[in-house]
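Shown next: work_38.cif, containing mmCIF, C-alpha atoms.
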data_protein
#
loop_
_atom_site.label_atom_id
_atom_site.label_comp_id
_atom_site.auth_asym_id
_atom_site.auth_seq_id
_atom_site.Cartn_x
_atom_site.Cartn_y
_atom_site.Cartn_z
CA MET A 2 9.44 5.05 1.89
CA ILE A 3 9.34 2.66 4.85
CA VAL A 4 12.69 0.89 5.31
CA LEU A 5 13.07 -2.21 7.46
CA VAL A 6 16.49 -2.86 9.00
CA GLY A 7 17.72 -5.50 11.39
CA PHE A 8 19.84 -8.57 11.90
CA MET A 9 19.40 -11.79 9.93
CA GLY A 10 16.32 -13.65 11.10
CA ALA A 11 14.56 -10.51 12.36
CA GLY A 12 11.72 -11.16 9.90
CA LYS A 13 12.28 -8.25 7.52
CA SER A 14 11.08 -10.05 4.39
CA THR A 15 8.03 -11.68 5.98
CA VAL A 16 6.96 -8.58 7.88
CA GLY A 17 7.79 -6.40 4.88
CA ARG A 18 5.32 -8.24 2.66
CA GLN A 19 2.55 -7.95 5.24
CA LEU A 20 3.31 -4.28 5.88
CA ALA A 21 3.23 -3.59 2.14
CA ALA A 22 -0.19 -5.23 1.90
CA ARG A 23 -1.49 -3.14 4.80
CA THR A 24 -0.16 0.16 3.48
CA GLY A 25 -0.86 -0.46 -0.19
CA LEU A 26 2.79 0.06 -1.07
CA PRO A 27 4.89 -2.28 -3.22
CA PHE A 28 7.41 -4.48 -1.41
CA VAL A 29 11.09 -4.52 -2.40
CA ASP A 30 13.71 -6.85 -0.91
CA SER A 31 17.22 -5.54 -1.53
CA ASP A 32 18.67 -9.06 -1.36
CA ALA A 33 16.27 -10.23 -4.07
CA VAL A 34 17.29 -7.29 -6.25
CA LEU A 35 20.94 -8.14 -5.67
CA VAL A 36 20.46 -11.80 -6.65
CA GLU A 37 18.84 -10.66 -9.89
CA ARG A 38 21.65 -8.24 -10.67
CA LEU A 39 24.45 -10.60 -9.68
CA GLY A 40 22.97 -13.42 -11.72
CA MET A 41 23.66 -15.88 -8.92
CA PRO A 42 22.76 -16.55 -5.27
CA ILE A 43 24.52 -14.34 -2.75
CA PRO A 44 26.49 -17.22 -1.13
CA GLU A 45 27.95 -18.13 -4.53
CA TYR A 46 28.97 -14.52 -5.15
CA PHE A 47 30.55 -14.37 -1.69
CA ALA A 48 32.53 -17.54 -2.41
CA ALA A 49 33.68 -16.39 -5.83
CA HIS A 50 34.43 -12.71 -5.19
CA GLY A 51 34.62 -12.17 -1.44
CA GLU A 52 32.72 -10.00 1.02
CA ALA A 53 34.33 -6.69 -0.01
CA ALA A 54 33.16 -7.05 -3.62
CA PHE A 55 29.67 -7.99 -2.46
CA ARG A 56 29.42 -5.03 -0.09
CA GLU A 57 30.35 -2.64 -2.90
CA VAL A 58 27.61 -4.00 -5.15
CA GLU A 59 25.21 -3.94 -2.22
CA ARG A 60 26.09 -0.33 -1.41
CA ARG A 61 25.41 0.87 -4.96
CA THR A 62 22.20 -1.12 -5.22
CA VAL A 63 20.78 0.03 -1.89
CA LEU A 64 21.61 3.69 -2.59
CA GLU A 65 19.81 3.38 -5.91
CA LEU A 66 16.76 1.82 -4.22
CA LEU A 67 16.71 4.56 -1.57
CA SER A 68 16.79 7.27 -4.24
CA ALA A 69 13.68 5.97 -5.98
CA ARG A 70 10.83 8.46 -6.12
CA GLU A 71 8.02 5.94 -5.79
CA PRO A 72 7.25 5.02 -2.16
CA CYS A 73 7.56 1.38 -1.13
CA VAL A 74 8.34 -0.91 1.78
CA LEU A 75 12.03 -1.75 1.44
CA ALA A 76 13.75 -4.55 3.39
CA LEU A 77 17.53 -4.17 3.62
CA GLY A 78 20.09 -6.90 4.12
CA GLY A 79 21.55 -7.16 7.60
CA GLY A 80 24.95 -5.78 6.57
CA ALA A 81 23.75 -2.93 4.35
CA LEU A 82 24.15 -0.37 7.14
CA GLY A 83 27.89 -1.03 7.21
CA SER A 84 28.09 1.72 4.58
CA PRO A 85 28.05 5.27 6.02
CA GLU A 86 26.50 6.46 2.74
CA VAL A 87 23.59 4.10 3.18
CA VAL A 88 23.09 5.23 6.79
CA ALA A 89 23.07 8.86 5.64
CA ALA A 90 20.57 8.12 2.87
CA LEU A 91 18.19 6.56 5.39
CA GLY A 92 17.63 10.00 6.88
CA ASP A 93 15.13 10.78 4.13
CA HIS A 94 12.91 7.80 4.98
CA GLN A 95 10.92 6.19 7.78
CA VAL A 96 13.22 3.53 9.22
CA VAL A 97 11.99 0.63 11.34
CA HIS A 98 14.44 -1.53 13.29
CA LEU A 99 13.10 -5.06 13.67
CA ASP A 100 14.93 -6.15 16.79
CA VAL A 101 15.37 -9.81 17.72
CA ASP A 102 17.29 -11.85 20.25
CA LEU A 103 20.31 -13.57 18.74
CA ASP A 104 19.20 -17.06 19.77
CA GLU A 105 15.80 -16.65 18.13
CA ALA A 106 17.38 -15.11 15.03
CA LEU A 107 19.63 -18.12 14.59
CA THR A 108 16.72 -20.50 15.13
CA ARG A 109 14.66 -18.72 12.46
CA VAL A 110 17.50 -18.73 9.95
CA GLY A 111 18.19 -22.45 10.37
CA ASP A 112 20.79 -23.88 7.98
CA PRO A 113 23.60 -21.30 7.67
CA ALA A 114 24.45 -22.48 4.14
CA GLY A 115 22.42 -19.67 2.63
CA ARG A 116 23.86 -17.02 4.97
CA PRO A 117 27.59 -16.47 4.41
CA MET A 118 27.92 -14.27 7.48
CA LEU A 119 26.71 -17.08 9.74
CA ARG A 120 29.72 -19.17 8.78
CA ARG A 121 31.90 -16.78 10.77
CA HIS A 122 33.15 -17.80 14.22
CA ASP A 123 32.29 -14.39 15.71
CA VAL A 124 28.53 -14.17 15.04
CA PRO A 125 27.74 -12.93 18.59
CA GLN A 126 30.27 -10.12 18.17
CA LEU A 127 28.84 -9.30 14.73
CA TYR A 128 25.34 -9.12 16.22
CA ALA A 129 26.54 -6.91 19.06
CA SER A 130 28.32 -4.51 16.69
CA ARG A 131 25.42 -4.13 14.26
CA ARG A 132 22.60 -3.68 16.76
CA PRO A 133 23.58 -0.12 17.86
CA VAL A 134 23.87 0.91 14.20
CA TYR A 135 20.31 -0.26 13.54
CA GLU A 136 19.08 1.52 16.68
CA GLN A 137 20.73 4.80 15.77
CA ALA A 138 19.40 4.80 12.21
CA ALA A 139 15.82 3.87 13.14
CA ASP A 140 12.86 6.13 13.80
CA VAL A 141 10.96 3.22 15.34
CA ALA A 142 12.14 -0.02 16.97
CA VAL A 143 9.85 -3.06 17.19
CA ASP A 144 10.86 -6.22 19.02
CA THR A 145 10.00 -9.34 16.99
CA THR A 146 11.18 -11.89 19.56
CA GLY A 147 8.43 -14.40 20.28
CA ARG A 148 5.93 -12.60 18.04
CA ASP A 149 4.39 -13.52 14.70
CA ALA A 150 4.56 -11.36 11.60
CA ALA A 151 0.96 -10.13 11.84
CA GLU A 152 1.50 -8.87 15.39
CA VAL A 153 4.75 -7.15 14.44
CA THR A 154 3.10 -5.54 11.41
CA GLU A 155 0.31 -4.17 13.57
CA SER A 156 2.85 -2.67 15.97
CA ILE A 157 4.63 -0.94 13.09
CA ILE A 158 1.37 0.50 11.73
CA HIS A 159 0.60 2.07 15.11
CA ALA A 160 4.16 3.23 15.78
CA LEU A 161 4.88 5.01 12.50
CA PRO A 162 3.80 8.62 12.07
CA ARG A 163 0.67 8.82 9.95
CA ARG A 164 1.37 9.33 6.28
CA THR A 165 -0.59 11.88 4.33
CA ARG A 166 -4.01 10.38 3.80
CA PRO A 167 -7.47 11.44 2.62
CA GLN A 168 -9.89 13.06 5.03
CA VAL A 169 -12.53 10.78 3.59
CA VAL A 170 -12.85 8.13 0.87
CA LEU A 171 -16.13 7.78 -1.02
CA VAL A 172 -17.17 4.40 -2.40
CA GLY A 173 -20.31 3.27 -4.14
CA PRO A 174 -21.79 2.14 -7.45
CA PRO A 175 -22.25 4.25 -10.59
CA GLY A 176 -25.15 6.61 -9.98
CA SER A 177 -24.52 6.96 -6.24
CA GLY A 178 -23.35 10.53 -6.75
CA LYS A 179 -19.71 10.09 -5.76
CA SER A 180 -18.39 12.72 -8.15
CA ALA A 181 -20.92 15.43 -7.35
CA VAL A 182 -20.90 14.72 -3.61
CA GLY A 183 -17.11 14.51 -3.62
CA HIS A 184 -16.68 17.96 -5.11
CA ALA A 185 -19.33 19.49 -2.83
CA LEU A 186 -17.69 17.83 0.16
CA ALA A 187 -14.26 19.10 -0.87
CA GLU A 188 -15.61 22.63 -1.00
CA LEU A 189 -17.13 22.31 2.47
CA LEU A 190 -13.87 20.93 3.87
CA GLY A 191 -11.65 23.38 2.01
CA ALA A 192 -9.81 20.44 0.47
CA GLY A 193 -9.01 18.99 -2.92
CA CYS A 194 -10.92 16.20 -4.60
CA VAL A 195 -9.47 13.39 -6.73
CA GLU A 196 -11.19 10.59 -8.68
CA THR A 197 -9.48 7.30 -9.40
CA ASP A 198 -11.02 7.24 -12.89
CA ARG A 199 -9.14 10.44 -13.74
CA GLU A 200 -5.93 8.87 -12.42
CA VAL A 201 -6.53 5.79 -14.58
CA GLU A 202 -6.87 8.09 -17.59
CA ARG A 203 -3.61 9.79 -16.66
CA LEU A 204 -1.79 6.47 -16.34
CA ALA A 205 -3.24 5.07 -19.57
CA GLY A 206 -3.20 8.28 -21.59
CA THR A 207 -6.73 7.61 -22.81
CA PRO A 208 -10.34 7.94 -21.54
CA VAL A 209 -11.55 5.31 -19.07
CA SER A 210 -14.15 3.90 -21.44
CA GLU A 211 -11.50 3.35 -24.11
CA VAL A 212 -9.15 1.65 -21.65
CA PHE A 213 -11.93 -0.73 -20.66
CA VAL A 214 -12.94 -1.54 -24.24
CA ASP A 215 -9.54 -1.52 -25.97
CA LEU A 216 -7.36 -3.09 -23.27
CA GLY A 217 -9.93 -5.25 -21.51
CA GLU A 218 -11.22 -5.36 -17.97
CA ALA A 219 -8.18 -7.18 -16.54
CA ARG A 220 -5.81 -4.42 -17.63
CA PHE A 221 -8.27 -1.75 -16.53
CA ARG A 222 -8.42 -3.28 -13.04
CA GLU A 223 -4.61 -3.33 -12.83
CA LEU A 224 -4.48 0.37 -13.65
CA GLU A 225 -7.36 1.05 -11.28
CA ARG A 226 -5.51 -0.69 -8.43
CA GLU A 227 -2.37 1.34 -9.13
CA ALA A 228 -4.36 4.58 -9.30
CA THR A 229 -6.23 3.78 -6.09
CA MET A 230 -3.05 3.07 -4.13
CA GLN A 231 -1.55 6.34 -5.34
CA VAL A 232 -4.52 8.56 -4.44
CA LEU A 233 -4.83 6.99 -0.99
CA ALA A 234 -1.48 8.60 -0.18
CA ARG A 235 -2.94 12.08 -0.77
CA ASP A 236 -5.07 14.32 1.41
CA GLY A 237 -8.52 15.74 0.74
CA VAL A 238 -11.48 13.81 -0.66
CA VAL A 239 -10.95 10.65 -2.72
CA GLU A 240 -13.58 8.97 -4.91
CA ILE A 241 -12.96 5.30 -5.68
CA GLY A 242 -14.27 3.72 -8.88
CA GLY A 243 -17.28 1.46 -8.38
CA GLY A 244 -15.50 -1.77 -9.29
CA ALA A 245 -12.24 -1.16 -7.40
CA ILE A 246 -13.83 -2.64 -4.29
CA THR A 247 -13.67 -6.12 -5.86
CA ASP A 248 -9.88 -6.10 -5.47
CA PRO A 249 -8.89 -7.69 -2.12
CA ALA A 250 -5.75 -5.52 -1.95
CA VAL A 251 -7.84 -2.36 -2.26
CA ARG A 252 -10.26 -3.53 0.43
CA ALA A 253 -7.37 -4.35 2.76
CA VAL A 254 -5.95 -0.85 2.44
CA LEU A 255 -9.35 0.84 2.81
CA HIS A 256 -9.77 -0.71 6.27
CA ASP A 257 -7.21 1.84 7.50
CA HIS A 258 -9.15 4.83 6.12
CA THR A 259 -12.32 6.76 6.84
CA VAL A 260 -14.69 5.41 4.19
CA VAL A 261 -18.25 6.49 3.35
CA PHE A 262 -20.40 4.15 1.28
CA LEU A 263 -22.84 6.23 -0.78
CA ASP A 264 -25.74 3.80 -1.18
CA VAL A 265 -28.40 4.08 -3.88
CA GLY A 266 -31.11 1.99 -5.53
CA ILE A 267 -31.59 1.29 -9.23
CA ALA A 268 -34.35 3.87 -9.70
CA ASP A 269 -32.22 6.82 -8.57
CA ALA A 270 -29.07 5.44 -10.17
CA ALA A 271 -30.78 5.02 -13.55
CA ARG A 272 -32.15 8.55 -13.44
CA ARG A 273 -28.78 10.05 -12.49
CA ILE A 274 -26.75 8.05 -14.99
CA GLY A 275 -29.13 8.12 -17.94
CA PHE A 276 -28.06 4.68 -19.11
CA ASP A 277 -28.86 5.39 -22.74
CA GLN A 278 -27.51 8.94 -22.86
CA SER A 279 -24.28 8.75 -20.86
CA SER A 280 -21.02 9.04 -22.80
CA SER A 281 -18.93 7.71 -19.91
CA MET A 282 -17.99 4.14 -19.07
CA VAL A 283 -21.24 3.68 -17.17
CA ALA A 284 -23.05 3.67 -20.52
CA LEU A 285 -21.67 0.15 -20.85
CA LEU A 286 -23.71 -0.93 -17.85
CA PRO A 287 -27.32 -1.77 -18.67
CA ARG A 288 -29.81 -1.98 -15.84
CA ARG A 289 -29.55 -5.73 -15.35
CA SER A 290 -25.79 -5.56 -15.21
CA TRP A 291 -25.97 -2.71 -12.65
CA ILE A 292 -28.30 -4.75 -10.45
CA ARG A 293 -26.12 -7.87 -10.73
CA HIS A 294 -22.97 -5.93 -9.89
CA MET A 295 -24.65 -4.23 -6.95
CA GLU A 296 -25.81 -7.53 -5.49
CA THR A 297 -22.21 -8.72 -5.54
CA ARG A 298 -20.57 -5.49 -4.43
CA ARG A 299 -22.93 -4.20 -1.75
CA PRO A 300 -21.42 -6.49 0.93
CA LEU A 301 -17.93 -5.34 -0.13
CA TYR A 302 -18.86 -1.66 0.14
CA THR A 303 -20.38 -2.37 3.56
CA GLU A 304 -17.28 -4.29 4.66
CA VAL A 305 -14.93 -1.32 4.21
CA ALA A 306 -17.36 1.45 5.18
CA THR A 307 -16.97 3.50 8.30
CA TRP A 308 -20.44 4.88 7.59
CA THR A 309 -23.17 4.22 5.03
CA VAL A 310 -25.14 7.17 3.69
CA ASP A 311 -28.28 6.62 1.60
CA THR A 312 -28.36 9.09 -1.29
CA ALA A 313 -31.75 8.07 -2.72
CA GLY A 314 -34.04 11.05 -3.33
CA ARG A 315 -31.59 13.48 -1.76
CA SER A 316 -29.74 16.50 -3.09
CA VAL A 317 -25.98 16.55 -3.46
CA GLN A 318 -25.69 19.29 -0.83
CA ASP A 319 -27.82 17.36 1.66
CA VAL A 320 -25.63 14.28 1.32
CA ALA A 321 -22.41 16.30 1.54
CA ASP A 322 -23.67 18.06 4.68
CA GLN A 323 -24.38 14.70 6.34
CA VAL A 324 -20.90 13.40 5.53
CA VAL A 325 -19.34 16.52 7.07
CA GLU A 326 -21.45 16.00 10.17
CA LEU A 327 -20.23 12.42 10.43
CA LEU A 328 -16.60 13.51 10.02
CA GLN A 329 -17.10 16.04 12.81
CA GLY A 330 -18.34 13.42 15.24
CA GLY A 331 -21.97 12.89 14.34
CA THR A 332 -23.76 9.55 13.97
CA ALA A 333 -25.14 7.92 10.83
#
Would you put the structure from the file into structure tokens?
Amino acid sequence: MIVLVGFMGAGKSTVGRQLAARTGLPFVDSDAVLVERLGMPIPEYFAAHGEAAFREVERRTVLELLSAREPCVLALGGGALGSPEVVAALGDHQVVHLDVDLDEALTRVGDPAGRPMLRRHDVPQLYASRRPVYEQAADVAVDTTGRDAAEVTESIIHALPRRTRPQVVLVGPPGSGKSAVGHALAELLGAGCVETDREVERLAGTPVSEVFVDLGEARFRELEREATMQVLARDGVVEIGGGAITDPAVRAVLHDHTVVFLDVGIADAARRIGFDQSSSMVALLPRRSWIRHMETRRPLYTEVATWTVDTAGRSVQDVADQVVELLQGGTA
């Protein structure tokens, strides 16, 4: 889990959303969770119950969020680190301190009506007391003063230690040989191999073709996105379903990975798939549909690809050998 900490106006929520999009992780704002649980805006709760009551609810909520098993980008309220328990719990996560000058923070926040702590007369002292706590808890500090969210997000991406990620991601249409090449490549690399279609089946509890037919394409794509984001946090070889590339969120995340587009024409694809004999989801794709999809998707495959490898008329082993060569510093 990536946790953003910092003073009010540091940009935690704005940067958090962009960082989540770049990493493929969900974004969680602890203040938003608190508003939902309290059933009222935070300033109203402050006025009705006082800061001590709010901090207790905040402490319990943040500890619960930090104990979640699913990774995410989590933005914490500026005062959440006032709890020693919260500070201790941060030790299990990657913590980023978004630093900001006080004057700029106050300018960004604007009207203090929505920020109870800004109604205090000692805001400079509050800022000065909290800043060392953020610094001590953080693995990485990024200054946001005078910088936009995109620039700050890029700095975080480069500053954080690399998460576990695939050695290579294979994309391409049905019939490009992703499954066969993926397994051969995994054997050559001494790594595991995972297919997003199998992850979709695990999430849905039913075969891919049945998910597509029974639940519809929209639901299938939702599950496919979830499965794709999960497998991109693993190592080894990853094979992405042919249609996943149409999702802008998936494409955005793939830009940070080593991606090989396995290209193929209709003649080879038809022979490999056996349109009329296949029992998999690709049996739903007649030739015309395959061609139409490929015309739309080819530019998307090319957009995310580090390299493009033509598989037409080639053996699985030959293609896998070329991908290994590319990974070891060769040229396409």
Checklist entry - Which residue, A:Val34, A:Leu190, A:Val169, A:Val238, has the smallest gap to Thr62 in chain A when you use only C-alpha atoms? => result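 Nearest to Thr62 in chain A: A:Val34.
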Checklist entry - Counting only C-alpha atoms, what is within 10 Å of Val88 in chain A, bar same-chain residues fewer than 5 positions away, as a list in words? => result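 Listed by chain and then number, they are Leu64, Ala81, Leu82, Gly83, Val134, Tyr135, Gln137, Ala138 and Ala139 of chain A.
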Checklist entry - When you draw a straight line from CA of Phe8 in chain A to CA of Leu107 in chain A, how long is it in Å? => result 9.9 Å
Explicit residue set for the PyMOL selection byres ((chain A and resi 65) around 12), as an mmCIF file with C-alpha atoms, in the frame of the given file:
data_model
loop_
_atom_site.group_PDB
_atom_site.id
_atom_site.type_symbol
_atom_site.label_atom_id
_atom_site.label_comp_id
_atom_site.auth_asym_id
_atom_site.auth_seq_id
_atom_site.Cartn_x
_atom_site.Cartn_y
_atom_site.Cartn_z
ATOM 1 C CA SER A 31 17.220 -5.540 -1.530
ATOM 2 C CA VAL A 34 17.290 -7.290 -6.250
ATOM 3 C CA LEU A 35 20.940 -8.140 -5.670
ATOM 4 C CA VAL A 58 27.610 -4.000 -5.150
ATOM 5 C CA GLU A 59 25.210 -3.940 -2.220
ATOM 6 C CA ARG A 60 26.090 -0.330 -1.410
ATOM 7 C CA ARG A 61 25.410 0.870 -4.960
ATOM 8 C CA THR A 62 22.200 -1.120 -5.220
ATOM 9 C CA VAL A 63 20.780 0.030 -1.890
ATOM 10 C CA LEU A 64 21.610 3.690 -2.590
ATOM 11 C CA LEU A 66 16.760 1.820 -4.220
ATOM 12 C CA LEU A 67 16.710 4.560 -1.570
ATOM 13 C CA SER A 68 16.790 7.270 -4.240
ATOM 14 C CA ALA A 69 13.680 5.970 -5.980
ATOM 15 C CA ARG A 70 10.830 8.460 -6.120
ATOM 16 C CA LEU A 75 12.030 -1.750 1.440
ATOM 17 C CA GLU A 86 26.500 6.460 2.740
ATOM 18 C CA VAL A 87 23.590 4.100 3.180
ATOM 19 C CA ALA A 90 20.570 8.120 2.870
ATOM 20 C CA LEU A 91 18.190 6.560 5.390
#
Next on the checklist: When you count only C-alpha atoms, which of these residues is closest to Gly80 in chain A: A:Glu37, A:Asp100, A:His94, A:Asp32?
Outcome noted: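 Counting only C-alpha atoms, the residue closest to Gly80 in chain A is A:Asp32.
Nearest to Thr229 in chain A of all the residues A:Gly217, A:Pro85, A:Pro249, A:Gly242 is A:Gly242, based on all atoms listed in the file.
Taking CA of Val265 in chain A and CA of Pro175 in chain A as the two end points, the separation is 9.1 Å.
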Next on the checklist: List as an MDAnalysis selection string the residues having at least one atom at most 9 Å from position (-19.6, 0.8, 5.4) as given in the file, counting all atoms listed in the file.
Outcome noted: chainID A and resid 172 260:263 300:310
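Residues captured in this structure file are Val16, Gly17, Gln19, Leu20, Ala21, Ala22, Arg23, Thr24, Val143, Thr145, Arg148, Asp149, Ala150, Ala151, Glu152, Val153, Thr154, Ser156, Ile157, Ile158, His159, Ala160, Leu161 and Asp257 of chain A, according to the PyMOL selection byres ((chain A and resi 155) around 12).
You will find CA of Gly79 in chain A at 9.9 Å from CA of Arg132 in chain A.
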Expected residue set, 12 Å radius at (26.5, -12.4, 0.0), all atoms listed in the file, as a short mmCIF file (atom, residue, chain, number, x, y, z; two decimals) with C-alpha atoms, in the frame of the given file:
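point-v8.cif written:
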data_model
loop_
_atom_site.label_atom_id
_atom_site.label_comp_id
_atom_site.auth_asym_id
_atom_site.auth_seq_id
_atom_site.Cartn_x
_atom_site.Cartn_y
_atom_site.Cartn_z
CA SER A 31 17.22 -5.54 -1.53
CA ASP A 32 18.67 -9.06 -1.36
CA ALA A 33 16.27 -10.23 -4.07
CA LEU A 35 20.94 -8.14 -5.67
CA VAL A 36 20.46 -11.80 -6.65
CA LEU A 39 24.45 -10.60 -9.68
CA MET A 41 23.66 -15.88 -8.92
CA PRO A 42 22.76 -16.55 -5.27
CA ILE A 43 24.52 -14.34 -2.75
CA PRO A 44 26.49 -17.22 -1.13
CA GLU A 45 27.95 -18.13 -4.53
CA TYR A 46 28.97 -14.52 -5.15
CA PHE A 47 30.55 -14.37 -1.69
CA ALA A 48 32.53 -17.54 -2.41
CA ALA A 49 33.68 -16.39 -5.83
CA HIS A 50 34.43 -12.71 -5.19
CA GLY A 51 34.62 -12.17 -1.44
CA GLU A 52 32.72 -10.00 1.02
CA ALA A 53 34.33 -6.69 -0.01
CA ALA A 54 33.16 -7.05 -3.62
CA PHE A 55 29.67 -7.99 -2.46
CA ARG A 56 29.42 -5.03 -0.09
CA GLU A 57 30.35 -2.64 -2.90
CA VAL A 58 27.61 -4.00 -5.15
CA GLU A 59 25.21 -3.94 -2.22
CA GLY A 78 20.09 -6.90 4.12
CA GLY A 79 21.55 -7.16 7.60
CA GLY A 80 24.95 -5.78 6.57
CA ALA A 81 23.75 -2.93 4.35
CA ALA A 114 24.45 -22.48 4.14
CA GLY A 115 22.42 -19.67 2.63
CA ARG A 116 23.86 -17.02 4.97
CA PRO A 117 27.59 -16.47 4.41
CA MET A 118 27.92 -14.27 7.48
CA LEU A 119 26.71 -17.08 9.74
CA ARG A 120 29.72 -19.17 8.78
#
Residues selected by the PyMOL selection byres ((chain A and resi 26) around 10), written as a tab-separated table (two decimals) with C-alpha atoms, in the coordinates of the input:
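Output (part-v4.tsv):
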chain	number	residue	atom	x	y	z
A	2	MET	CA	9.44	5.05	1.89
A	3	ILE	CA	9.34	2.66	4.85
A	18	ARG	CA	5.32	-8.24	2.66
A	20	LEU	CA	3.31	-4.28	5.88
A	21	ALA	CA	3.23	-3.59	2.14
A	22	ALA	CA	-0.19	-5.23	1.90
A	23	ARG	CA	-1.49	-3.14	4.80
A	24	THR	CA	-0.16	0.16	3.48
A	25	GLY	CA	-0.86	-0.46	-0.19
A	27	PRO	CA	4.89	-2.28	-3.22
A	28	PHE	CA	7.41	-4.48	-1.41
A	29	VAL	CA	11.09	-4.52	-2.40
A	71	GLU	CA	8.02	5.94	-5.79
A	72	PRO	CA	7.25	5.02	-2.16
A	73	CYS	CA	7.56	1.38	-1.13
A	74	VAL	CA	8.34	-0.91	1.78
A	75	LEU	CA	12.03	-1.75	1.44
A	227	GLU	CA	-2.37	1.34	-9.13
A	230	MET	CA	-3.05	3.07	-4.13
A	231	GLN	CA	-1.55	6.34	-5.34
A	234	ALA	CA	-1.48	8.60	-0.18
A	254	VAL	CA	-5.95	-0.85	2.44
